[in-house]
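As stored in entry-v1.txt (compact mmCIF, C-alpha atoms and all ligand atoms):
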# COMPACT_ATOMS: atom_id res chain seq x y z
CA MET A 1 -36.21 -33.18 5.19
CA THR A 2 -38.69 -31.14 3.27
CA PHE A 3 -38.24 -29.95 -0.26
CA ARG A 4 -38.13 -26.36 1.01
CA LEU A 5 -35.20 -27.12 3.37
CA LEU A 6 -33.30 -28.91 0.58
CA PHE A 7 -33.81 -25.87 -1.65
CA TRP A 8 -32.28 -23.50 0.93
CA LEU A 9 -29.31 -25.82 1.56
CA TRP A 10 -28.69 -25.93 -2.21
CA TRP A 11 -28.78 -22.11 -2.31
CA LEU A 12 -26.75 -21.29 0.81
CA VAL A 13 -23.91 -23.83 0.78
CA PRO A 14 -22.30 -22.77 -2.55
CA ALA A 15 -22.60 -19.09 -1.60
CA TRP A 16 -20.80 -19.67 1.71
CA CYS A 17 -18.23 -21.96 0.11
CA CYS A 18 -17.34 -19.52 -2.68
CA ALA A 19 -16.76 -16.69 -0.19
CA GLY A 20 -14.41 -18.99 1.71
CA CYS A 21 -12.59 -20.08 -1.44
CA ARG A 22 -11.98 -16.47 -2.36
CA GLY A 23 -10.20 -16.10 0.98
CA GLY A 24 -12.60 -13.29 1.93
CA SER A 25 -11.43 -11.21 -1.02
CA GLU A 26 -14.50 -9.02 -1.15
CA PRO A 27 -13.88 -5.26 -0.93
CA GLU A 28 -14.19 -3.73 2.53
CA GLN A 29 -16.18 -1.00 0.91
CA GLN A 30 -17.10 0.24 -2.54
CA VAL A 31 -16.85 3.99 -2.61
CA ASP A 32 -19.49 4.99 -5.11
CA ALA A 33 -18.03 8.26 -6.31
CA SER A 34 -20.33 10.48 -8.34
CA ARG A 35 -17.68 10.53 -11.08
CA TYR A 36 -14.62 8.56 -12.08
CA PRO A 37 -11.62 9.08 -9.76
CA GLU A 38 -9.26 11.66 -11.26
CA ARG A 39 -6.79 12.61 -8.52
CA ILE A 40 -5.36 10.34 -5.82
CA ALA A 41 -2.74 11.54 -3.34
CA PHE A 42 -0.44 9.37 -1.24
CA GLY A 43 2.59 9.58 1.01
CA SER A 44 4.45 7.99 3.89
CA CYS A 45 6.96 8.46 6.69
CA SER A 46 5.46 11.16 8.88
CA ARG A 47 6.93 11.99 12.27
CA GLU A 48 3.83 12.85 14.28
CA TYR A 49 5.79 15.40 16.38
CA GLN A 50 6.91 17.50 13.39
CA ASP A 51 4.79 20.37 12.10
CA ASN A 52 6.05 20.38 8.50
CA GLN A 53 3.66 17.76 7.12
CA LEU A 54 2.92 19.05 3.56
CA TRP A 55 -0.87 18.79 4.17
CA ASP A 56 -1.57 22.26 2.71
CA GLU A 57 0.37 21.37 -0.43
CA ILE A 58 -1.53 18.09 -0.73
CA LEU A 59 -4.88 19.89 -0.32
CA ALA A 60 -3.88 22.41 -3.01
CA ASN A 61 -4.05 19.56 -5.55
CA GLU A 62 -7.69 18.87 -4.59
CA PRO A 63 -7.25 15.09 -4.39
CA GLU A 64 -10.34 12.90 -4.04
CA THR A 65 -8.56 10.27 -1.95
CA TRP A 66 -5.58 10.10 0.44
CA ILE A 67 -3.58 6.87 0.95
CA TRP A 68 -1.08 6.32 3.79
CA LEU A 69 1.77 4.03 2.72
CA GLY A 70 3.25 3.37 6.16
CA ASP A 71 5.40 4.84 8.90
CA ASN A 72 2.28 6.93 9.45
CA ILE A 73 3.62 7.61 12.95
CA TYR A 74 6.96 6.75 14.52
CA GLY A 75 5.54 4.52 17.24
CA ASP A 76 8.49 2.18 17.87
CA SER A 77 7.16 0.77 21.12
CA GLU A 78 5.50 -2.30 22.64
CA ASP A 79 3.51 0.03 24.87
CA MET A 80 0.12 0.54 23.22
CA ALA A 81 -0.49 3.71 25.23
CA VAL A 82 2.55 5.22 23.49
CA LEU A 83 1.27 4.26 20.03
CA ALA A 84 -2.27 5.46 20.82
CA GLU A 85 -0.99 8.85 21.96
CA LYS A 86 1.14 9.26 18.83
CA TYR A 87 -1.83 8.39 16.60
CA ARG A 88 -3.92 10.90 18.55
CA GLN A 89 -1.29 13.57 18.00
CA GLN A 90 -1.10 12.83 14.27
CA LYS A 91 -4.86 12.70 13.81
CA SER A 92 -5.64 15.89 15.74
CA ARG A 93 -3.33 18.06 13.63
CA PRO A 94 -5.66 20.75 12.14
CA ALA A 95 -4.26 20.45 8.61
CA TYR A 96 -4.77 16.66 8.66
CA GLN A 97 -8.30 17.20 9.97
CA LYS A 98 -8.93 19.15 6.75
CA ILE A 99 -7.86 16.06 4.78
CA LEU A 100 -10.23 13.88 6.82
CA GLN A 101 -13.10 16.28 6.19
CA SER A 102 -12.41 16.54 2.45
CA MET A 103 -11.87 12.97 1.25
CA PRO A 104 -11.86 9.28 2.15
CA VAL A 105 -8.58 8.10 3.69
CA TYR A 106 -7.11 4.60 3.36
CA GLY A 107 -3.82 3.17 4.53
CA ILE A 108 -1.51 0.41 5.54
CA TRP A 109 1.39 0.34 7.95
CA ASP A 110 5.14 -0.11 7.70
CA ASP A 111 7.58 -0.94 10.50
CA HIS A 112 7.61 2.17 12.73
CA ASP A 113 3.83 2.43 13.07
CA TYR A 114 3.61 -1.37 13.36
CA GLY A 115 5.74 -0.84 16.46
CA VAL A 116 9.34 -1.86 15.76
CA ASN A 117 12.05 -0.81 13.31
CA ASP A 118 12.33 -3.38 10.45
CA GLY A 119 9.70 -5.40 12.36
CA ASP A 120 8.40 -8.85 11.37
CA LYS A 121 5.88 -11.54 12.46
CA ASN A 122 7.57 -11.86 15.85
CA TYR A 123 6.46 -8.44 17.16
CA PRO A 124 4.43 -9.47 20.23
CA MET A 125 1.88 -6.61 20.14
CA LYS A 126 0.82 -6.96 16.49
CA ARG A 127 -2.84 -7.72 17.23
CA GLN A 128 -3.27 -4.72 19.50
CA SER A 129 -1.26 -2.46 17.19
CA LYS A 130 -3.45 -3.46 14.24
CA GLU A 131 -6.58 -2.25 16.08
CA LEU A 132 -4.91 1.13 16.71
CA LEU A 133 -4.02 1.44 13.02
CA LEU A 134 -7.59 0.63 11.93
CA ASP A 135 -9.01 3.05 14.51
CA PHE A 136 -6.67 5.78 13.20
CA LEU A 137 -7.98 5.07 9.67
CA ASP A 138 -11.63 4.96 10.86
CA VAL A 139 -12.09 1.47 9.39
CA PRO A 140 -15.62 0.38 10.38
CA ALA A 141 -16.04 -2.22 13.11
CA GLU A 142 -17.84 -4.57 10.69
CA ALA A 143 -15.10 -4.52 7.99
CA ASP A 144 -13.62 -7.93 7.12
CA VAL A 145 -10.12 -6.76 8.05
CA ARG A 146 -11.19 -6.38 11.69
CA ALA A 147 -12.11 -10.07 11.89
CA ARG A 148 -9.01 -11.65 10.37
CA GLU A 149 -5.30 -11.73 11.17
CA GLY A 150 -3.26 -8.97 9.53
CA ALA A 151 -4.11 -5.47 8.30
CA TYR A 152 -4.40 -6.11 4.53
CA GLN A 153 -7.40 -4.46 2.87
CA TYR A 154 -9.17 -4.18 -0.47
CA TYR A 155 -11.31 -1.30 -1.71
CA LEU A 156 -13.08 -0.49 -4.95
CA LEU A 157 -13.00 3.20 -5.83
CA GLY A 158 -15.26 4.82 -8.41
CA GLU A 159 -18.08 3.27 -10.39
CA GLY A 160 -18.96 1.53 -13.63
CA ALA A 161 -16.12 1.62 -16.16
CA GLY A 162 -14.25 4.07 -13.91
CA LEU A 163 -13.27 1.56 -11.24
CA ILE A 164 -9.96 1.35 -9.36
CA SER A 165 -9.03 -1.71 -7.31
CA LEU A 166 -7.04 -0.54 -4.30
CA ILE A 167 -5.18 -3.45 -2.70
CA LEU A 168 -3.24 -2.67 0.48
CA LEU A 169 -0.74 -5.39 1.37
CA ASP A 170 0.44 -6.10 4.91
CA THR A 171 4.23 -6.59 4.67
CA ARG A 172 4.79 -6.89 8.45
CA TYR A 173 2.33 -9.12 10.28
CA PHE A 174 3.35 -12.40 8.59
CA ARG A 175 6.83 -11.54 7.36
CA ASP A 176 9.72 -13.91 8.11
CA GLU A 177 12.99 -12.72 9.61
CA LEU A 178 15.48 -10.65 7.66
CA GLN A 179 18.86 -12.23 7.11
CA THR A 180 21.58 -9.89 8.35
CA ASP A 181 25.00 -9.97 6.67
CA PRO A 182 27.56 -11.27 9.20
CA ASP A 183 30.37 -9.70 7.18
CA GLY A 184 28.67 -6.30 7.28
CA ASN A 185 29.20 -5.71 3.57
CA THR A 186 25.51 -5.01 3.12
CA ARG A 187 22.71 -4.61 5.63
CA TYR A 188 20.71 -7.67 4.59
CA LEU A 189 21.35 -10.85 2.63
CA PRO A 190 18.52 -12.49 0.65
CA ASN A 191 16.38 -14.87 2.71
CA ALA A 192 15.91 -17.35 -0.13
CA ASP A 193 12.92 -19.25 1.28
CA GLY A 194 11.47 -16.50 3.47
CA ASP A 195 7.96 -15.16 2.91
CA ILE A 196 6.37 -11.73 3.30
CA LEU A 197 2.59 -12.13 3.00
CA GLY A 198 1.72 -15.50 4.55
CA GLU A 199 -0.55 -18.07 2.85
CA ALA A 200 -3.91 -16.53 3.84
CA GLN A 201 -2.93 -13.16 2.39
CA TRP A 202 -1.53 -14.79 -0.77
CA ARG A 203 -4.85 -16.62 -1.33
CA TRP A 204 -6.78 -13.41 -0.68
CA LEU A 205 -4.59 -11.49 -3.15
CA GLU A 206 -4.91 -14.10 -5.88
CA GLY A 207 -8.70 -14.13 -5.43
CA ILE A 208 -8.84 -10.38 -5.94
CA LEU A 209 -6.57 -10.33 -8.98
CA GLN A 210 -8.43 -13.26 -10.54
CA GLY A 211 -11.83 -11.59 -10.29
CA ASN A 212 -10.61 -8.02 -10.62
CA PRO A 213 -13.33 -5.90 -12.27
CA ALA A 214 -11.24 -2.71 -12.54
CA PRO A 215 -9.15 -1.41 -15.47
CA VAL A 216 -6.81 0.28 -12.98
CA THR A 217 -5.23 -1.61 -10.08
CA ILE A 218 -3.24 0.09 -7.35
CA ILE A 219 -1.25 -2.18 -5.04
CA GLY A 220 0.07 -0.52 -1.89
CA SER A 221 3.19 -2.09 -0.37
CA SER A 222 5.04 -0.21 2.33
CA ILE A 223 8.44 -1.50 1.15
CA GLN A 224 9.75 -1.33 -2.40
CA VAL A 225 8.92 -4.18 -4.80
CA ILE A 226 10.73 -3.42 -8.07
CA PRO A 227 14.07 -1.79 -7.05
CA GLU A 228 16.66 -4.51 -6.52
CA GLU A 229 20.01 -2.88 -5.80
CA GLN A 230 19.35 -0.78 -2.69
CA GLY A 231 20.59 -2.36 0.55
CA PHE A 232 17.65 -1.58 2.85
CA GLU A 233 14.27 -3.23 3.30
CA LYS A 234 12.71 -4.42 0.04
CA TRP A 235 10.85 -7.38 -1.46
CA GLY A 236 14.20 -8.32 -2.99
CA ASN A 237 15.35 -9.49 0.47
CA PHE A 238 12.78 -12.29 0.01
CA PRO A 239 13.37 -13.26 -3.64
CA ALA A 240 10.84 -16.13 -3.71
CA ALA A 241 8.09 -13.85 -2.38
CA ARG A 242 9.00 -11.09 -4.84
CA GLN A 243 8.85 -13.55 -7.73
CA ARG A 244 5.52 -14.92 -6.50
CA LEU A 245 4.03 -11.41 -6.42
CA LEU A 246 5.35 -10.52 -9.87
CA SER A 247 4.12 -13.86 -11.26
CA LEU A 248 0.61 -13.15 -9.95
CA ILE A 249 0.64 -9.72 -11.58
CA GLU A 250 1.98 -11.22 -14.81
CA ARG A 251 -0.75 -13.88 -14.79
CA TYR A 252 -3.76 -11.75 -13.92
CA GLY A 253 -2.62 -8.18 -14.65
CA LYS A 254 -4.80 -6.15 -17.02
CA GLY A 255 -5.21 -2.50 -17.87
CA ARG A 256 -2.89 -0.48 -15.68
CA VAL A 257 -1.14 -1.92 -12.62
CA LEU A 258 0.61 0.55 -10.36
CA ILE A 259 2.47 -0.31 -7.16
CA LEU A 260 2.78 2.39 -4.48
CA SER A 261 5.51 2.24 -1.85
CA GLY A 262 7.09 4.42 0.83
CA ASP A 263 9.67 3.78 3.56
CA ARG A 264 12.76 5.07 1.73
CA HIS A 265 12.78 8.87 2.40
CA ILE A 266 13.20 9.46 -1.34
CA ALA A 267 10.94 9.55 -4.39
CA GLU A 268 11.40 7.61 -7.61
CA ILE A 269 9.40 5.77 -10.27
CA SER A 270 10.39 2.32 -11.51
CA LYS A 271 9.10 0.02 -14.23
CA LEU A 272 9.26 -3.69 -15.03
CA GLU A 273 7.92 -5.64 -18.00
CA LEU A 274 6.70 -9.08 -16.95
CA GLY A 275 6.87 -12.32 -18.88
CA GLU A 276 6.55 -13.03 -22.56
CA ARG A 277 3.68 -10.61 -22.95
CA ARG A 278 5.91 -7.92 -21.45
CA PHE A 279 3.10 -6.73 -19.21
CA PRO A 280 4.19 -3.37 -17.76
CA VAL A 281 4.02 -2.74 -14.01
CA TYR A 282 4.99 0.60 -12.52
CA GLU A 283 6.06 1.49 -9.00
CA PHE A 284 5.74 4.97 -7.55
CA THR A 285 7.78 5.40 -4.34
CA SER A 286 7.01 8.50 -2.28
CA SER A 287 8.62 9.12 1.11
CA GLY A 288 8.77 11.01 3.39
CA LEU A 289 6.32 13.70 4.37
CA THR A 290 8.48 15.07 7.20
CA HIS A 291 12.06 13.99 6.50
CA THR A 292 14.48 12.88 3.81
CA TRP A 293 18.16 11.98 3.43
CA GLY A 294 20.70 14.34 4.98
CA GLY A 295 22.97 14.57 1.95
CA ILE A 296 22.85 14.06 -1.79
CA ARG A 297 23.73 10.48 -2.66
CA GLU A 298 23.27 8.37 -5.72
CA GLU A 299 21.57 5.03 -5.47
CA PRO A 300 21.59 2.58 -8.36
CA ASN A 301 18.21 1.33 -9.61
CA MET A 302 18.25 -0.25 -13.07
CA HIS A 303 14.45 -0.08 -13.19
CA ARG A 304 14.15 3.66 -12.44
CA ILE A 305 12.42 5.69 -15.16
CA SER A 306 12.42 9.02 -13.26
CA GLN A 307 15.08 11.03 -11.50
CA LEU A 308 15.95 10.16 -7.89
CA HIS A 309 14.45 12.89 -5.68
CA ILE A 310 15.98 13.51 -2.27
CA ALA A 311 13.52 15.94 -0.70
CA ARG A 312 10.35 15.81 1.37
CA ASN A 313 7.60 14.75 -1.02
CA PHE A 314 4.17 13.31 -1.71
CA GLY A 315 2.65 11.65 -4.78
CA ILE A 316 -0.27 12.67 -6.98
CA ILE A 317 -1.81 10.17 -9.42
CA ARG A 318 -3.89 11.78 -12.17
CA LEU A 319 -6.19 9.55 -14.22
CA ASP A 320 -7.56 10.15 -17.72
CA TRP A 321 -10.54 7.87 -18.40
CA ASN A 322 -10.90 9.00 -22.04
CA THR A 323 -8.46 6.35 -23.24
CA SER A 324 -8.51 2.55 -22.88
CA PRO A 325 -6.71 1.56 -20.77
CA PRO A 326 -6.88 4.83 -18.81
CA GLY A 327 -3.99 7.27 -19.02
CA ILE A 328 -2.06 7.93 -15.82
CA GLN A 329 0.18 10.83 -14.86
CA LEU A 330 2.46 10.38 -11.84
CA GLU A 331 3.55 13.59 -10.14
CA ILE A 332 6.26 13.87 -7.48
CA ARG A 333 5.56 17.05 -5.51
CA GLY A 334 7.00 18.70 -2.43
CA GLU A 335 7.29 21.84 -0.34
CA GLY A 336 5.43 24.83 -1.78
CA ASN A 337 3.60 22.30 -4.00
CA ARG A 338 6.68 22.35 -6.26
CA LEU A 339 6.42 19.77 -9.06
CA PHE A 340 9.70 17.83 -9.00
CA GLU A 341 8.81 15.57 -11.87
CA SER A 342 5.84 14.25 -13.85
CA VAL A 343 5.94 10.83 -15.53
CA THR A 344 3.35 9.63 -18.04
CA VAL A 345 2.21 5.99 -17.98
CA PRO A 346 2.98 4.44 -20.38
CA ASP A 347 6.33 6.21 -20.51
FE FE B 1 9.84 1.90 7.14

Any chance you could put this one into structure tokens?
Ligand SMILES: [Fe+2]
Amino acid sequence: MTFRLLFWLWWLVPAWCCAGCRGGSEPEQQVDASRYPERIAFGSCSREYQDNQLWDEILANEPETWIWLGDNIYGDSEDMAVLAEKYRQQKSRPAYQKILQSMPVYGIWDDHDYGVNDGDKNYPMKRQSKELLLDFLDVPAEADVRAREGAYQYYLLGEGAGLISLILLDTRYFRDELQTDPDGNTRYLPNADGDILGEAQWRWLEGILQGNPAPVTIIGSSIQVIPEEQGFEKWGNFPAARQRLLSLIERYGKGRVLILSGDRHIAEISKLELGERRFPVYEFTSSGLTHTWGGIREEPNMHRISQLHIARNFGIIRLDWNTSPPGIQLEIRGEGNRLFESVTVPD
């Protein structure tokens, strides 16, 4: 073996090994914006067959980025031709085309676009459905997410000191079964040992948080993380997984950490303070673009720091990079671009 060959082995092996140890937690893409990101829009729960999609209202806010938080279509089928046609219908809508032409679009799925209501790891078409989701989002063929199991993704938005880490978690592909309540008192009982992310995604997430270069971190999770009392789908149905996620944020969290969620057909903002250092984490839930609850109901949420909004809505995140850590304004908006509520972080 020549000295030259030994030199290249010394150089290449650690580089390959470190990428593996990070669980492939490199960003899919760094979007090198010409300035720091100032306005991010997001939303969820959009029936592809309905015309009232709020796209004009979203565009009126001149966002620089759009993020889908799941139920991006109501696919609900094991027939991939059905899902593909519904994605086509959603994507070809002229107002959505304006979004695509104006800004980068990112996203993750929830249950209905995954293919089955309250779906989990047992959905038999998950590999095929994932490709349709990534095609809908125009994720490049060479992106890491195309080569691995699951649809979780990581992006860096902005540049220099104005970076945002955008982490999109897959809460479907690896998720264990929900535990239904045989007495029917509530929809689901906690699945004490059940997991949501699966080990590969946990390792990937920890690698990102550990080496996170950004003062602002946005974690997209289709289902709610912080709210505990509601009886529908939530991280609280898998208490060990919820605690694991919060512990990772507590351990590595810095600057501002904001969770985005959808799924619920309501809007609300929640807050938790983690651990002895009382590290604050916020969750902005915005759902849905096309439909909401039929009547006015109350829903307890001890962590809510906003009002509960029962109306079609989308979210706008406004960032102020003049302070350290950056200031964030969370706006819940709806039809006619009406501002339902604005919450300042820190509150
Ligand atoms: Fe959902």

- request: Residues within 12 Å of ligand FE 1 (chain B), counting all atoms listed in the file: report them as a PyMOL selection string.
  value: chain A and resi 44-47+69-76+108-120+171-172+221-224+232-234+261-266+286-288

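Residue nearest Pro140 in chain A within the list A:Glu268, A:Gln243, A:Gly275, A:Glu28: A:Glu28 [criterion: smallest interatomic distance, all atoms listed in the file].
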
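For the pair CA of Leu272 in chain A and CA of His303 in chain A, the separation is 6.6 Å.
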
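For the pair CA of Phe279 in chain A and CA of Val257 in chain A, the interatomic distance is 9.2 Å.
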
message: Ranking A:Gln53, A:Gln230, A:Gln201, A:Thr186 by minimum distance to Glu298 in chain A and counting all atoms listed in the file, which one comes first?
response: A:Gln230

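Of the listed residues (A:Thr180, A:Ser25, A:Ser77, A:Gln50), A:Ser25 comes nearest to Leu168 in chain A; the distances count all atoms listed in the file.
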
- request: Have a look at A:Leu83, A:Pro190, A:Ala95, A:Gly162 and name the one nearest to Leu132 in chain A; count only C-alpha atoms.
  value: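 Among the listed residues, A:Leu83 lies closest to Leu132 in chain A.
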
message: If we count all atoms listed in the file and set the cut-off at 9 Å, which residues sit around Gly336 in chain A, ignoring sequence neighbours fewer than 4 positions away in its own chain? Please answer as JSON, numbers by chain.
response: {"A": [54, 56, 57]}

task: Go through A:Phe42, A:Tyr123, A:Tyr173, A:Tyr36 one by one, measure the shortest atom-to-atom distance of each to Ile259 in chain A using only C-alpha atoms, and give the residue with the smallest value.
output: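 Using only C-alpha atoms, the shortest distance to Ile259 in chain A belongs to A:Phe42.
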
query: Of the residues A:Gly160, A:Gly236, A:Gly294, A:Gly334, which is the one nearest to Tyr188 in chain A, using all atoms listed in the file?
result: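 Distance minimum relative to Tyr188 in chain A lands on A:Gly236.
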
Axis-aligned box over every listed atom of range 180-194 of chain A, padded by 6 Å per side: centre and edges in Å to one decimal, as JSON?
{"center_x": 20.9, "center_y": -11.9, "center_z": 4.5, "size_x": 30.9, "size_y": 26.6, "size_z": 21.3}

- prompt: CA of Ser102 in chain A and CA of Asn212 in chain A are how many Å apart?
  reply: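 Computing it gives 27.9 Å between the two atoms.
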
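Taking only C-alpha atoms, the non-local environment of Ile208 in chain A within 9 Å (same-chain residues fewer than 4 positions away omitted) comprises A:Arg22, A:Ser25, A:Glu26, A:Pro27, A:Tyr154, A:Ser165, A:Ile167, A:Arg203, A:Trp204, A:Asn212, A:Pro213.
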
Please, which residues are within 10 Å of (2.9, 22.3, -5.1) by the file's coordinates, counting only C-alpha atoms, and could they come as a CSV table (one decimal) with C-alpha atoms, keeping the file's coordinate frame?
chain,number,residue,atom,x,y,z
A,54,LEU,CA,2.9,19.0,3.6
A,56,ASP,CA,-1.6,22.3,2.7
A,57,GLU,CA,0.4,21.4,-0.4
A,58,ILE,CA,-1.5,18.1,-0.7
A,59,LEU,CA,-4.9,19.9,-0.3
A,60,ALA,CA,-3.9,22.4,-3.0
A,61,ASN,CA,-4.0,19.6,-5.6
A,313,ASN,CA,7.6,14.8,-1.0
A,314,PHE,CA,4.2,13.3,-1.7
A,332,ILE,CA,6.3,13.9,-7.5
A,333,ARG,CA,5.6,17.0,-5.5
A,334,GLY,CA,7.0,18.7,-2.4
A,335,GLU,CA,7.3,21.8,-0.3
A,336,GLY,CA,5.4,24.8,-1.8
A,337,ASN,CA,3.6,22.3,-4.0
A,338,ARG,CA,6.7,22.4,-6.3
A,339,LEU,CA,6.4,19.8,-9.1
A,340,PHE,CA,9.7,17.8,-9.0

Your completed range 109-131 of chain A with N, CA and C atoms, as a PDB file, in the frame of the given file:
ATOM      1  N   TRP A 109       0.258  -0.046   7.119  1.00  0.00           N
ATOM      2  CA  TRP A 109       1.390   0.340   7.950  1.00  0.00           C
ATOM      3  C   TRP A 109       2.721  -0.121   7.366  1.00  0.00           C
ATOM      4  N   ASP A 110       3.815   0.432   7.936  1.00  0.00           N
ATOM      5  CA  ASP A 110       5.140  -0.110   7.700  1.00  0.00           C
ATOM      6  C   ASP A 110       5.703  -0.485   9.081  1.00  0.00           C
ATOM      7  N   ASP A 111       7.005  -0.422   9.257  1.00  0.00           N
ATOM      8  CA  ASP A 111       7.580  -0.940  10.500  1.00  0.00           C
ATOM      9  C   ASP A 111       7.396  -0.027  11.716  1.00  0.00           C
ATOM     10  N   HIS A 112       7.616   1.288  11.551  1.00  0.00           N
ATOM     11  CA  HIS A 112       7.610   2.170  12.730  1.00  0.00           C
ATOM     12  C   HIS A 112       6.219   2.309  13.353  1.00  0.00           C
ATOM     13  N   ASP A 113       5.185   2.358  12.513  1.00  0.00           N
ATOM     14  CA  ASP A 113       3.830   2.430  13.070  1.00  0.00           C
ATOM     15  C   ASP A 113       3.347   1.043  13.519  1.00  0.00           C
ATOM     16  N   TYR A 114       3.853   0.009  12.881  1.00  0.00           N
ATOM     17  CA  TYR A 114       3.610  -1.370  13.360  1.00  0.00           C
ATOM     18  C   TYR A 114       4.098  -1.481  14.811  1.00  0.00           C
ATOM     19  N   GLY A 115       5.269  -0.886  15.071  1.00  0.00           N
ATOM     20  CA  GLY A 115       5.740  -0.840  16.460  1.00  0.00           C
ATOM     21  C   GLY A 115       7.211  -1.093  16.651  1.00  0.00           C
ATOM     22  N   VAL A 116       7.931  -1.537  15.582  1.00  0.00           N
ATOM     23  CA  VAL A 116       9.340  -1.860  15.760  1.00  0.00           C
ATOM     24  C   VAL A 116      10.092  -1.681  14.441  1.00  0.00           C
ATOM     25  N   ASN A 117      11.242  -1.052  14.500  1.00  0.00           N
ATOM     26  CA  ASN A 117      12.050  -0.810  13.310  1.00  0.00           C
ATOM     27  C   ASN A 117      12.367  -2.135  12.592  1.00  0.00           C
ATOM     28  N   ASP A 118      12.118  -2.180  11.278  1.00  0.00           N
ATOM     29  CA  ASP A 118      12.330  -3.380  10.450  1.00  0.00           C
ATOM     30  C   ASP A 118      11.590  -4.595  11.024  1.00  0.00           C
ATOM     31  N   GLY A 119      10.435  -4.366  11.624  1.00  0.00           N
ATOM     32  CA  GLY A 119       9.700  -5.400  12.360  1.00  0.00           C
ATOM     33  C   GLY A 119       9.161  -6.524  11.469  1.00  0.00           C
ATOM     34  N   ASP A 120       8.911  -7.681  12.084  1.00  0.00           N
ATOM     35  CA  ASP A 120       8.400  -8.850  11.370  1.00  0.00           C
ATOM     36  C   ASP A 120       7.308  -9.542  12.189  1.00  0.00           C
ATOM     37  N   LYS A 121       7.000 -10.802  11.855  1.00  0.00           N
ATOM     38  CA  LYS A 121       5.880 -11.540  12.460  1.00  0.00           C
ATOM     39  C   LYS A 121       6.069 -11.771  13.960  1.00  0.00           C
ATOM     40  N   ASN A 122       7.279 -11.576  14.445  1.00  0.00           N
ATOM     41  CA  ASN A 122       7.570 -11.860  15.850  1.00  0.00           C
ATOM     42  C   ASN A 122       7.244 -10.705  16.806  1.00  0.00           C
ATOM     43  N   TYR A 123       6.817  -9.572  16.285  1.00  0.00           N
ATOM     44  CA  TYR A 123       6.460  -8.440  17.160  1.00  0.00           C
ATOM     45  C   TYR A 123       5.277  -8.852  18.049  1.00  0.00           C
ATOM     46  N   PRO A 124       5.443  -8.844  19.359  1.00  0.00           N
ATOM     47  CA  PRO A 124       4.430  -9.470  20.230  1.00  0.00           C
ATOM     48  C   PRO A 124       3.112  -8.701  20.334  1.00  0.00           C
ATOM     49  N   MET A 125       3.097  -7.407  19.958  1.00  0.00           N
ATOM     50  CA  MET A 125       1.880  -6.610  20.140  1.00  0.00           C
ATOM     51  C   MET A 125       1.136  -6.379  18.823  1.00  0.00           C
ATOM     52  N   LYS A 126       1.358  -7.257  17.827  1.00  0.00           N
ATOM     53  CA  LYS A 126       0.820  -6.960  16.490  1.00  0.00           C
ATOM     54  C   LYS A 126      -0.707  -6.920  16.455  1.00  0.00           C
ATOM     55  N   ARG A 127      -1.374  -7.738  17.260  1.00  0.00           N
ATOM     56  CA  ARG A 127      -2.840  -7.720  17.230  1.00  0.00           C
ATOM     57  C   ARG A 127      -3.388  -6.400  17.779  1.00  0.00           C
ATOM     58  N   GLN A 128      -2.825  -5.971  18.887  1.00  0.00           N
ATOM     59  CA  GLN A 128      -3.270  -4.720  19.500  1.00  0.00           C
ATOM     60  C   GLN A 128      -2.917  -3.521  18.621  1.00  0.00           C
ATOM     61  N   SER A 129      -1.713  -3.555  18.048  1.00  0.00           N
ATOM     62  CA  SER A 129      -1.260  -2.460  17.190  1.00  0.00           C
ATOM     63  C   SER A 129      -2.140  -2.329  15.943  1.00  0.00           C
ATOM     64  N   LYS A 130      -2.566  -3.476  15.415  1.00  0.00           N
ATOM     65  CA  LYS A 130      -3.450  -3.460  14.240  1.00  0.00           C
ATOM     66  C   LYS A 130      -4.760  -2.701  14.551  1.00  0.00           C
ATOM     67  N   GLU A 131      -5.335  -2.938  15.721  1.00  0.00           N
ATOM     68  CA  GLU A 131      -6.580  -2.250  16.080  1.00  0.00           C
ATOM     69  C   GLU A 131      -6.368  -0.736  16.134  1.00  0.00           C
TER      70      GLU A 131
END
